[in-house]
file final.cif (mmCIF, C-alpha atoms)
data_start
loop_
_atom_site.label_atom_id
_atom_site.label_comp_id
_atom_site.auth_asym_id
_atom_site.auth_seq_id
_atom_site.Cartn_x
_atom_site.Cartn_y
_atom_site.Cartn_z
CA MET A 689 -29.27 15.45 -4.88
CA SER A 690 -29.22 14.59 -8.57
CA GLY A 691 -27.34 11.88 -10.41
CA ILE A 692 -24.01 12.91 -11.93
CA LEU A 693 -22.48 9.52 -12.81
CA GLU A 694 -24.39 6.46 -13.93
CA LEU A 695 -22.88 3.08 -14.76
CA LYS A 696 -24.90 0.71 -16.93
CA ASN A 697 -23.80 -2.93 -17.16
CA LEU A 698 -20.21 -1.74 -17.14
CA GLY A 699 -17.50 -4.30 -17.82
CA PHE A 700 -13.90 -4.56 -18.93
CA VAL A 701 -11.72 -7.42 -20.16
CA TYR A 702 -7.98 -7.01 -20.60
CA SER A 703 -6.42 -8.57 -23.74
CA GLN A 704 -9.87 -9.50 -24.98
CA GLY A 705 -9.89 -12.26 -27.58
CA THR A 706 -6.37 -13.44 -26.77
CA PRO A 707 -5.06 -16.37 -24.69
CA PHE A 708 -4.18 -13.77 -22.03
CA GLU A 709 -7.77 -12.53 -21.64
CA LYS A 710 -8.58 -11.45 -18.09
CA ARG A 711 -11.83 -10.00 -16.79
CA ALA A 712 -11.34 -7.01 -14.47
CA VAL A 713 -14.88 -5.61 -14.12
CA SER A 714 -18.18 -7.43 -14.57
CA ASP A 715 -21.67 -5.98 -15.16
CA VAL A 716 -21.59 -3.02 -12.75
CA SER A 717 -24.72 -0.86 -12.65
CA LEU A 718 -25.26 2.01 -10.21
CA SER A 719 -25.91 5.73 -9.91
CA ILE A 720 -23.85 8.31 -7.99
CA ASN A 721 -25.40 11.56 -6.85
CA LYS A 722 -23.93 15.03 -7.16
CA GLY A 723 -22.27 16.04 -3.89
CA GLU A 724 -21.72 12.52 -2.54
CA LEU A 725 -18.49 11.17 -1.12
CA ILE A 726 -18.31 7.55 -2.21
CA GLY A 727 -15.89 5.03 -0.72
CA ILE A 728 -14.66 2.18 -2.92
CA ILE A 729 -13.22 -0.87 -1.18
CA GLY A 730 -12.10 -4.35 -2.17
CA HIS A 731 -9.05 -6.55 -1.87
CA THR A 732 -6.14 -6.22 -4.30
CA GLY A 733 -7.18 -7.35 -7.77
CA SER A 734 -10.90 -6.86 -7.18
CA GLY A 735 -11.22 -4.34 -10.04
CA LYS A 736 -11.20 -1.00 -8.18
CA SER A 737 -8.53 0.78 -10.22
CA THR A 738 -9.86 -0.47 -13.56
CA LEU A 739 -13.36 0.65 -12.63
CA VAL A 740 -12.38 4.22 -11.71
CA GLN A 741 -10.20 4.59 -14.81
CA MET A 742 -13.29 3.88 -16.93
CA LEU A 743 -15.15 6.71 -15.21
CA ASN A 744 -13.05 9.43 -16.83
CA GLY A 745 -12.28 7.73 -20.11
CA LEU A 746 -8.73 6.56 -19.45
CA ILE A 747 -9.98 3.05 -20.25
CA LYS A 748 -12.82 2.42 -22.70
CA PRO A 749 -15.31 -0.20 -21.42
CA THR A 750 -15.52 -3.43 -23.36
CA GLU A 751 -19.16 -3.67 -22.22
CA GLY A 752 -21.78 -1.21 -21.00
CA GLU A 753 -21.48 2.53 -20.64
CA VAL A 754 -20.59 5.41 -18.33
CA LEU A 755 -22.99 8.36 -18.28
CA LEU A 756 -21.79 11.77 -17.07
CA ASN A 757 -24.71 14.14 -16.50
CA GLY A 758 -26.86 11.77 -18.55
CA LYS A 759 -24.54 11.50 -21.56
CA ASN A 760 -22.40 8.52 -22.57
CA ILE A 761 -18.81 9.75 -22.28
CA TRP A 762 -17.83 7.75 -25.38
CA ASP A 763 -20.60 9.13 -27.64
CA GLU A 764 -17.98 11.45 -29.18
CA PRO A 765 -14.59 9.74 -28.82
CA LYS A 766 -12.71 12.78 -30.16
CA LYS A 767 -13.98 14.78 -27.15
CA ILE A 768 -12.99 12.26 -24.48
CA ARG A 769 -10.19 14.60 -23.35
CA SER A 770 -12.80 17.10 -22.16
CA VAL A 771 -14.34 14.40 -19.95
CA ARG A 772 -11.01 14.09 -18.11
CA PHE A 773 -11.23 17.76 -17.15
CA LYS A 774 -14.70 17.16 -15.67
CA VAL A 775 -13.78 13.88 -13.94
CA GLY A 776 -10.37 14.44 -12.38
CA MET A 777 -8.22 11.44 -11.46
CA VAL A 778 -5.50 11.29 -8.82
CA PHE A 779 -3.53 8.05 -9.09
CA GLN A 780 -1.66 6.15 -6.40
CA TYR A 781 1.64 7.89 -5.61
CA PRO A 782 0.79 10.90 -7.81
CA GLU A 783 3.96 12.67 -6.66
CA TYR A 784 5.86 10.45 -9.10
CA GLN A 785 4.12 12.39 -11.89
CA LEU A 786 5.51 15.78 -10.79
CA PHE A 787 7.90 17.06 -13.45
CA GLU A 788 7.85 20.86 -13.74
CA GLU A 789 10.51 23.31 -12.52
CA THR A 790 8.29 24.72 -9.78
CA VAL A 791 5.32 23.63 -7.70
CA TYR A 792 3.33 26.50 -9.24
CA LYS A 793 3.94 25.24 -12.79
CA ASP A 794 3.03 21.69 -11.82
CA ILE A 795 -0.28 22.77 -10.30
CA ALA A 796 -0.97 24.99 -13.33
CA PHE A 797 -0.26 22.30 -15.95
CA GLY A 798 -3.72 20.73 -16.24
CA ALA A 799 -5.64 23.98 -15.93
CA ALA A 800 -3.44 25.58 -18.61
CA ASN A 801 -4.20 22.67 -20.94
CA MET A 802 -7.89 23.40 -20.40
CA GLY A 803 -7.26 26.86 -21.84
CA LYS A 804 -6.94 28.89 -18.66
CA SER A 805 -4.37 31.69 -18.71
CA GLY A 806 -3.47 34.98 -17.05
CA ASP A 807 -5.35 35.96 -13.92
CA GLU A 808 -7.82 33.09 -14.29
CA LEU A 809 -5.00 30.54 -14.26
CA ASP A 810 -3.21 32.29 -11.40
CA GLN A 811 -6.36 32.27 -9.28
CA ALA A 812 -7.02 28.60 -10.07
CA VAL A 813 -3.48 27.66 -8.99
CA LYS A 814 -3.53 29.68 -5.78
CA SER A 815 -7.01 28.49 -4.81
CA ALA A 816 -6.10 24.84 -5.46
CA ALA A 817 -2.87 25.21 -3.49
CA GLU A 818 -4.81 26.65 -0.55
CA PHE A 819 -7.35 23.81 -0.63
CA ALA A 820 -4.54 21.27 -0.72
CA GLY A 821 -2.62 22.94 2.10
CA ILE A 822 0.34 24.13 0.02
CA LYS A 823 1.82 27.26 1.62
CA PRO A 824 2.38 30.21 -0.76
CA GLU A 825 6.14 30.21 -0.10
CA LEU A 826 6.36 26.67 -1.52
CA LEU A 827 4.91 27.57 -4.92
CA GLN A 828 8.22 28.74 -6.39
CA LYS A 829 10.19 25.79 -5.04
CA SER A 830 11.07 22.70 -7.03
CA PRO A 831 8.47 19.98 -6.35
CA PHE A 832 11.39 17.63 -5.69
CA ASP A 833 12.38 19.71 -2.64
CA LEU A 834 9.05 19.04 -0.91
CA SER A 835 8.35 16.42 1.73
CA GLY A 836 6.43 13.28 0.76
CA GLY A 837 3.13 14.65 2.09
CA GLU A 838 3.67 18.03 0.42
CA LYS A 839 4.39 16.34 -2.92
CA ARG A 840 1.16 14.36 -2.60
CA ARG A 841 -0.82 17.53 -1.85
CA ALA A 842 0.82 19.37 -4.76
CA ALA A 843 -0.16 16.59 -7.16
CA ILE A 844 -3.74 16.67 -5.88
CA ALA A 845 -3.78 20.46 -6.20
CA GLY A 846 -2.98 20.03 -9.90
CA VAL A 847 -6.23 18.14 -10.37
CA ILE A 848 -8.22 20.50 -8.13
CA ALA A 849 -7.01 23.46 -10.22
CA MET A 850 -9.04 22.06 -13.14
CA ASN A 851 -12.16 22.36 -10.93
CA PRO A 852 -13.54 18.93 -11.86
CA GLU A 853 -17.16 18.06 -11.21
CA VAL A 854 -16.00 14.66 -9.96
CA LEU A 855 -12.73 14.04 -8.13
CA ILE A 856 -11.45 10.44 -8.02
CA LEU A 857 -8.66 9.55 -5.59
CA ASP A 858 -7.05 6.12 -5.89
CA GLU A 859 -5.42 5.29 -2.53
CA PRO A 860 -4.42 8.93 -1.87
CA THR A 861 -2.84 8.20 1.55
CA ALA A 862 -0.76 5.18 0.48
CA GLY A 863 2.73 5.31 1.96
CA LEU A 864 2.14 8.37 4.15
CA ASP A 865 2.83 8.44 7.88
CA PRO A 866 -0.19 8.84 10.24
CA MET A 867 0.15 12.62 10.46
CA GLY A 868 0.52 12.97 6.71
CA ARG A 869 -2.53 10.76 6.18
CA GLU A 870 -4.63 12.83 8.56
CA VAL A 871 -3.60 16.15 7.02
CA LEU A 872 -4.31 14.95 3.50
CA LEU A 873 -7.69 13.44 4.36
CA SER A 874 -8.77 16.57 6.23
CA ARG A 875 -7.86 18.65 3.17
CA ILE A 876 -9.84 16.36 0.86
CA VAL A 877 -12.90 16.54 3.12
CA HIS A 878 -12.58 20.33 3.43
CA TYR A 879 -12.41 20.64 -0.36
CA HIS A 880 -15.44 18.37 -0.77
CA LYS A 881 -17.55 20.35 1.69
CA GLU A 882 -16.57 23.74 0.28
CA LYS A 883 -17.09 22.81 -3.37
CA ASN A 884 -20.03 20.40 -2.83
CA ASN A 885 -18.66 18.31 -5.66
CA THR A 886 -18.59 14.54 -5.98
CA VAL A 887 -15.62 12.63 -4.58
CA LEU A 888 -14.79 8.94 -5.08
CA LEU A 889 -12.24 7.62 -2.59
CA VAL A 890 -10.56 4.27 -3.28
CA SER A 891 -9.00 3.03 -0.06
CA HIS A 892 -7.73 -0.03 1.78
CA SER A 893 -8.36 1.77 5.08
CA MET A 894 -11.76 0.80 6.46
CA GLU A 895 -11.33 3.47 9.14
CA ASP A 896 -10.90 6.27 6.59
CA VAL A 897 -13.88 5.12 4.51
CA ALA A 898 -16.04 4.74 7.64
CA ARG A 899 -15.26 8.27 8.78
CA PHE A 900 -15.91 10.10 5.55
CA ALA A 901 -17.99 8.16 3.00
CA ASP A 902 -21.73 8.69 2.49
CA ARG A 903 -22.02 5.37 0.65
CA ILE A 904 -19.63 2.53 -0.09
CA MET A 905 -19.06 0.35 -3.14
CA VAL A 906 -17.65 -3.10 -2.34
CA LEU A 907 -15.92 -4.99 -5.15
CA ASP A 908 -14.92 -8.64 -5.14
CA ASP A 909 -13.43 -10.59 -8.03
CA SER A 910 -14.50 -7.97 -10.62
CA ARG A 911 -18.09 -7.73 -9.35
CA LEU A 912 -19.98 -5.14 -7.33
CA VAL A 913 -21.18 -7.17 -4.33
CA MET A 914 -22.50 -4.32 -2.16
CA PHE A 915 -23.40 -0.65 -2.61
CA GLY A 916 -25.11 1.13 0.24
CA LYS A 917 -24.88 3.59 3.10
CA THR A 918 -21.73 3.28 5.17
CA LYS A 919 -23.47 1.98 8.30
CA GLU A 920 -25.38 -0.59 6.25
CA VAL A 921 -22.22 -1.95 4.62
CA PHE A 922 -20.32 -2.26 7.89
CA SER A 923 -23.31 -3.83 9.64
CA VAL A 924 -22.57 -7.17 7.92
CA PRO A 925 -19.00 -7.94 9.06
CA ASP A 926 -19.30 -11.65 8.25
CA LYS A 927 -20.05 -10.89 4.61
CA LEU A 928 -17.09 -8.52 4.38
CA GLU A 929 -14.72 -10.96 6.06
CA LYS A 930 -15.67 -13.69 3.57
CA ILE A 931 -14.24 -11.56 0.77
CA GLY A 932 -11.10 -10.60 2.68
CA LEU A 933 -12.23 -7.28 4.14
CA ARG A 934 -13.00 -6.19 7.69
CA VAL A 935 -15.01 -3.64 9.60
CA PRO A 936 -13.17 -0.73 11.31
CA GLN A 937 -11.35 -1.80 14.49
CA VAL A 938 -13.51 0.44 16.66
CA THR A 939 -16.63 -1.22 15.22
CA LYS A 940 -15.20 -4.63 16.10
CA LEU A 941 -14.41 -3.40 19.62
CA THR A 942 -17.92 -2.11 20.25
CA GLN A 943 -19.37 -5.39 18.94
CA LEU A 944 -17.32 -7.26 21.56
CA LEU A 945 -18.45 -4.84 24.27
CA ARG A 946 -22.10 -5.44 23.36
CA GLN A 947 -21.49 -9.18 23.66
CA ARG A 948 -20.19 -8.53 27.18
CA GLY A 949 -23.30 -6.65 28.23
CA TYR A 950 -22.54 -3.03 27.33
CA ASP A 951 -25.80 -1.40 26.26
CA ILE A 952 -24.41 0.57 23.31
CA PRO A 953 -25.88 0.82 19.82
CA GLU A 954 -24.76 -1.05 16.72
CA GLY A 955 -23.18 0.68 13.76
CA ILE A 956 -20.49 2.65 15.59
CA LEU A 957 -17.84 3.55 13.01
CA THR A 958 -15.53 6.13 14.60
CA VAL A 959 -13.53 6.57 17.78
CA ASP A 960 -15.51 9.72 18.66
CA GLU A 961 -18.81 7.82 18.38
CA ALA A 962 -17.45 4.98 20.51
CA PHE A 963 -16.14 7.33 23.19
CA SER A 964 -19.48 9.14 23.40
CA GLU A 965 -21.58 5.95 23.63
CA ILE A 966 -19.28 4.15 26.10
CA THR A 967 -19.12 7.24 28.32
CA ALA A 968 -22.91 7.53 28.28
CA PHE A 969 -23.26 3.87 29.25
CA LEU A 970 -20.78 4.16 32.11
CA LYS A 971 -22.50 7.27 33.43
CA LYS A 972 -25.86 5.48 33.32
CA GLU A 973 -24.33 2.60 35.27
CA GLY A 974 -22.91 5.03 37.82
CA LYS A 975 -19.33 4.01 37.10
CA ILE A 976 -18.20 7.51 36.15
CA TRP A 977 -19.61 10.94 36.95
#

call {"tool": "encode", "arguments": {"input": "final.cif", "output": "structure tokens"}}
result
Amino acid sequence: MSGILELKNLGFVYSQGTPFEKRAVSDVSLSINKGELIGIIGHTGSGKSTLVQMLNGLIKPTEGEVLLNGKNIWDEPKKIRSVRFKVGMVFQYPEYQLFEETVYKDIAFGAANMGKSGDELDQAVKSAAEFAGIKPELLQKSPFDLSGGEKRRAAIAGVIAMNPEVLILDEPTAGLDPMGREVLLSRIVHYHKEKNNTVLLVSHSMEDVARFADRIMVLDDSRLVMFGKTKEVFSVPDKLEKIGLRVPQVTKLTQLLRQRGYDIPEGILTVDEAFSEITAFLKKEGKIW
């Protein structure tokens, strides 16, 4: 894998130089590889949303720089719009940004602004709709006639249609019911695997991040306090709990089982892993066959 995004001493201060000055991001340096799925976690107010908005030029850093494919995205400020096509952003509750007459037109909006038209635009819309799980018969409906989960997928399809190199999702499952969450996450993971692009997933759900992320960024009070492989991050529950976070529930459960004598490995992050390891232990002990 090769680096696609690099952050160098990145920082941002709101209302800088005024009595209302507030630091949101402090001295963040890291590199993200092409094809990675990165989880971003932290309590409310830790700087997650400000950080990701700097990655596609919606917010200009007050300190440091963001490199996309080795180039500072603010080297040519007049071309910052083109960066937003390469680094696509899906905000919290993106369905509130739907505004066109039909789902098709909403999905096509960003790609059309990139200059796509005719068959190229039509293919981009239909392909994005398929990735997002939007059925063809829904494309000519008003977006306001869709269910909550369908609206969310339509909004995400609008970003996918631009075929960004990096896709950033800020709390994409917020407010969805369990089934809607699962459908949306499965679509995001399917898209990531098929396109082999880079995905950044901001989430409050430790379970979702544990299941899907290759590496995790942990933010606390504007600072990057951890950045490592998923198992490594969740292997230090005490450190996470000190900053108001927690390990996945299944990880906590297996930790308690180990304390009670169950010979199962550390670092279990998913229900499937836990089921497999607990079953193997019970079989070894002769308690199930």

call {"tool": "closest_residue", "arguments": {"input": "final.cif", "among": "A:Asn697, A:Asn851, A:Ser770, A:Thr750", "to": "Leu809 (chain A)", "atoms": "only C-alpha atoms"}}
result
A:Asn851

call {"tool": "atom_distance", "arguments": {"input": "final.cif", "atom1": "CA of Leu889 (chain A)", "atom2": "CA of Leu725 (chain A)"}}
result
7.3 Å

call {"tool": "closest_residue", "arguments": {"input": "final.cif", "among": "A:Gly798, A:Glu882, A:Arg869, A:Ser910", "to": "Ala845 (chain A)", "atoms": "all atoms listed in the file"}}
result
A:Gly798

call {"tool": "resolve_selection", "arguments": {"input": "final.cif", "expression": "the PyMOL selection byres ((chain A and resi 817-827) around 9)", "output": "PyMOL selection string"}}
result
chain A and resi 790-793+795+812-816+828-831+834+838+841-842+844-846+848-849+871-872+875-876+878-879

call {"tool": "axis_aligned_box", "arguments": {"input": "final.cif", "around": "region 795-812 of chain A", "padding_each_side": "3 Å", "output": "AutoDock Vina command-line options"}}
result
--center_x -4.1 --center_y 28.3 --center_z -15.6 --size_x 13.6 --size_y 21.2 --size_z 18.6

call {"tool": "closest_residue", "arguments": {"input": "final.cif", "among": "A:Glu920, A:Glu973, A:Glu929, A:Glu853", "to": "Phe773 (chain A)", "atoms": "only C-alpha atoms"}}
result
A:Glu853

call {"tool": "resolve_selection", "arguments": {"input": "final.cif", "expression": "the PyMOL selection byres ((chain A and resi 913) around 10)", "output": "NGL selection string"}}
result
:A and (716 or 730 or 905-912 or 914-915 or 927-928 or 931)

call {"tool": "resolve_selection", "arguments": {"input": "final.cif", "expression": "the PyMOL selection byres ((chain A and resi 732) around 12)", "output": "list in words"}}
result
Ala712, Ile729, Gly730, His731, Gly733, Ser734, Gly735, Lys736, Ser737, Thr738, Glu859, Val890, Ser891, His892, Leu907, Asp908, Asp909, Ser910, Ile931, Gly932 and Leu933 of chain A

call {"tool": "residues_around", "arguments": {"input": "final.cif", "residues": "Leu888 (chain A)", "least_positions_apart": "3", "cutoff": "6 Å", "atoms": "all atoms listed in the file", "output": "compact mmCIF listing (two decimals) with C-alpha atoms, in the coordinates of the input"}}
result
# COMPACT_ATOMS: atom_id res chain seq x y z
CA LEU A 725 -18.49 11.17 -1.12
CA ILE A 726 -18.31 7.55 -2.21
CA GLY A 727 -15.89 5.03 -0.72
CA ILE A 856 -11.45 10.44 -8.02

call {"tool": "closest_residue", "arguments": {"input": "final.cif", "among": "A:Met850, A:Val897, A:Ile761, A:Leu957", "to": "Ala800 (chain A)", "atoms": "all atoms listed in the file"}}
result
A:Met850

call {"tool": "atom_distance", "arguments": {"input": "final.cif", "atom1": "CA of Phe779 (chain A)", "atom2": "CA of Leu857 (chain A)"}}
result
6.4 Å

call {"tool": "residues_around", "arguments": {"input": "final.cif", "residues": "Leu743 (chain A)", "least_positions_apart": "5", "cutoff": "9 Å", "atoms": "only C-alpha atoms", "output": "MDAnalysis selection string"}}
result
chainID A and resid 693 695 748 754:756 761 772 775 856

call {"tool": "residues_around", "arguments": {"input": "final.cif", "residues": "Arg903 (chain A)", "least_positions_apart": "6", "cutoff": "6 Å", "atoms": "all atoms listed in the file", "output": "VMD selection string"}}
result
chain A and resid 726 916 to 918

call {"tool": "closest_residue", "arguments": {"input": "final.cif", "among": "A:Leu855, A:Leu945, A:Ile904, A:Ile692", "to": "Gln741 (chain A)", "atoms": "only C-alpha atoms"}}
result
A:Leu855

call {"tool": "atom_distance", "arguments": {"input": "final.cif", "atom1": "CA of Asp794 (chain A)", "atom2": "CA of Val847 (chain A)"}}
result
10.0 Å

call {"tool": "decode", "arguments": {"input": "final.cif", "residues": "region 936-947 of chain A", "atoms": "all heavy atoms", "output": "JSON list (two decimals), in the first residue's frame"}}
result
[["chain", "number", "residue", "atom", "x", "y", "z"],
["A", 936, "PRO", "N", -15.34, -2.69, 22.63],
["A", 936, "PRO", "CA", -16.61, -3.33, 22.28],
["A", 936, "PRO", "C", -17.10, -4.23, 23.42],
["A", 936, "PRO", "O", -16.30, -4.82, 24.15],
["A", 936, "PRO", "CB", -16.25, -4.14, 21.03],
["A", 936, "PRO", "CG", -15.08, -3.42, 20.45],
["A", 936, "PRO", "CD", -14.31, -2.90, 21.61],
["A", 937, "GLN", "N", -18.40, -4.36, 23.55],
["A", 937, "GLN", "CA", -18.98, -5.16, 24.63],
["A", 937, "GLN", "C", -18.50, -6.60, 24.60],
["A", 937, "GLN", "O", -18.25, -7.21, 25.65],
["A", 937, "GLN", "CB", -20.51, -5.12, 24.54],
["A", 937, "GLN", "CG", -21.12, -3.77, 24.90],
["A", 937, "GLN", "CD", -20.84, -3.39, 26.35],
["A", 937, "GLN", "OE1", -21.08, -4.17, 27.26],
["A", 937, "GLN", "NE2", -20.33, -2.19, 26.56],
["A", 938, "VAL", "N", -18.36, -7.16, 23.39],
["A", 938, "VAL", "CA", -17.92, -8.56, 23.31],
["A", 938, "VAL", "C", -16.48, -8.70, 23.78],
["A", 938, "VAL", "O", -16.09, -9.73, 24.34],
["A", 938, "VAL", "CB", -18.11, -9.11, 21.87],
["A", 938, "VAL", "CG1", -17.10, -8.49, 20.90],
["A", 938, "VAL", "CG2", -18.01, -10.63, 21.85],
["A", 939, "THR", "N", -15.66, -7.66, 23.57],
["A", 939, "THR", "CA", -14.28, -7.68, 24.06],
["A", 939, "THR", "C", -14.27, -7.67, 25.59],
["A", 939, "THR", "O", -13.50, -8.39, 26.23],
["A", 939, "THR", "CB", -13.50, -6.48, 23.51],
["A", 939, "THR", "OG1", -13.59, -6.46, 22.09],
["A", 939, "THR", "CG2", -12.04, -6.53, 23.92],
["A", 940, "LYS", "N", -15.12, -6.84, 26.17],
["A", 940, "LYS", "CA", -15.25, -6.78, 27.63],
["A", 940, "LYS", "C", -15.68, -8.13, 28.18],
["A", 940, "LYS", "O", -15.16, -8.61, 29.20],
["A", 940, "LYS", "CB", -16.26, -5.70, 28.00],
["A", 940, "LYS", "CG", -16.22, -5.26, 29.45],
["A", 940, "LYS", "CD", -15.05, -4.34, 29.69],
["A", 940, "LYS", "CE", -15.10, -3.73, 31.07],
["A", 940, "LYS", "NZ", -13.92, -2.89, 31.34],
["A", 941, "LEU", "N", -16.65, -8.76, 27.50],
["A", 941, "LEU", "CA", -17.16, -10.06, 27.94],
["A", 941, "LEU", "C", -16.05, -11.10, 27.94],
["A", 941, "LEU", "O", -15.88, -11.86, 28.92],
["A", 941, "LEU", "CB", -18.30, -10.51, 27.03],
["A", 941, "LEU", "CG", -18.79, -11.95, 27.24],
["A", 941, "LEU", "CD1", -19.40, -12.12, 28.62],
["A", 941, "LEU", "CD2", -19.80, -12.33, 26.16],
["A", 942, "THR", "N", -15.28, -11.17, 26.87],
["A", 942, "THR", "CA", -14.23, -12.18, 26.79],
["A", 942, "THR", "C", -13.11, -11.91, 27.80],
["A", 942, "THR", "O", -12.47, -12.84, 28.28],
["A", 942, "THR", "CB", -13.67, -12.29, 25.36],
["A", 942, "THR", "OG1", -13.26, -11.00, 24.90],
["A", 942, "THR", "CG2", -14.72, -12.85, 24.41],
["A", 943, "GLN", "N", -12.89, -10.63, 28.12],
["A", 943, "GLN", "CA", -11.92, -10.32, 29.18],
["A", 943, "GLN", "C", -12.39, -10.89, 30.52],
["A", 943, "GLN", "O", -11.59, -11.47, 31.28],
["A", 943, "GLN", "CB", -11.73, -8.80, 29.28],
["A", 943, "GLN", "CG", -10.95, -8.19, 28.13],
["A", 943, "GLN", "CD", -10.95, -6.67, 28.19],
["A", 943, "GLN", "OE1", -11.79, -6.06, 28.86],
["A", 943, "GLN", "NE2", -10.03, -6.05, 27.46],
["A", 944, "LEU", "N", -13.66, -10.76, 30.82],
["A", 944, "LEU", "CA", -14.22, -11.30, 32.07],
["A", 944, "LEU", "C", -14.15, -12.82, 32.09],
["A", 944, "LEU", "O", -13.84, -13.43, 33.13],
["A", 944, "LEU", "CB", -15.67, -10.84, 32.23],
["A", 944, "LEU", "CG", -15.87, -9.35, 32.49],
["A", 944, "LEU", "CD1", -17.36, -8.99, 32.44],
["A", 944, "LEU", "CD2", -15.29, -8.96, 33.85],
["A", 945, "LEU", "N", -14.39, -13.44, 30.92],
["A", 945, "LEU", "CA", -14.30, -14.91, 30.85],
["A", 945, "LEU", "C", -12.88, -15.39, 31.10],
["A", 945, "LEU", "O", -12.66, -16.42, 31.75],
["A", 945, "LEU", "CB", -14.81, -15.40, 29.49],
["A", 945, "LEU", "CG", -16.32, -15.28, 29.25],
["A", 945, "LEU", "CD1", -16.67, -15.65, 27.81],
["A", 945, "LEU", "CD2", -17.10, -16.16, 30.23],
["A", 946, "ARG", "N", -11.90, -14.66, 30.57],
["A", 946, "ARG", "CA", -10.51, -15.04, 30.81],
["A", 946, "ARG", "C", -10.18, -14.95, 32.30],
["A", 946, "ARG", "O", -9.48, -15.80, 32.84],
["A", 946, "ARG", "CB", -9.56, -14.13, 30.01],
["A", 946, "ARG", "CG", -9.33, -14.58, 28.59],
["A", 946, "ARG", "CD", -8.09, -13.95, 27.97],
["A", 946, "ARG", "NE", -8.12, -12.50, 28.09],
["A", 946, "ARG", "CZ", -8.77, -11.70, 27.25],
["A", 946, "ARG", "NH1", -9.46, -12.23, 26.25],
["A", 946, "ARG", "NH2", -8.75, -10.41, 27.41],
["A", 947, "GLN", "N", -10.71, -13.91, 32.95],
["A", 947, "GLN", "CA", -10.48, -13.77, 34.39],
["A", 947, "GLN", "C", -11.09, -14.93, 35.17],
["A", 947, "GLN", "O", -10.64, -15.24, 36.27],
["A", 947, "GLN", "CB", -11.05, -12.43, 34.87],
["A", 947, "GLN", "CG", -10.30, -11.22, 34.34],
["A", 947, "GLN", "CD", -11.03, -9.91, 34.62],
["A", 947, "GLN", "OE1", -11.98, -9.87, 35.41],
["A", 947, "GLN", "NE2", -10.60, -8.83, 33.97]]
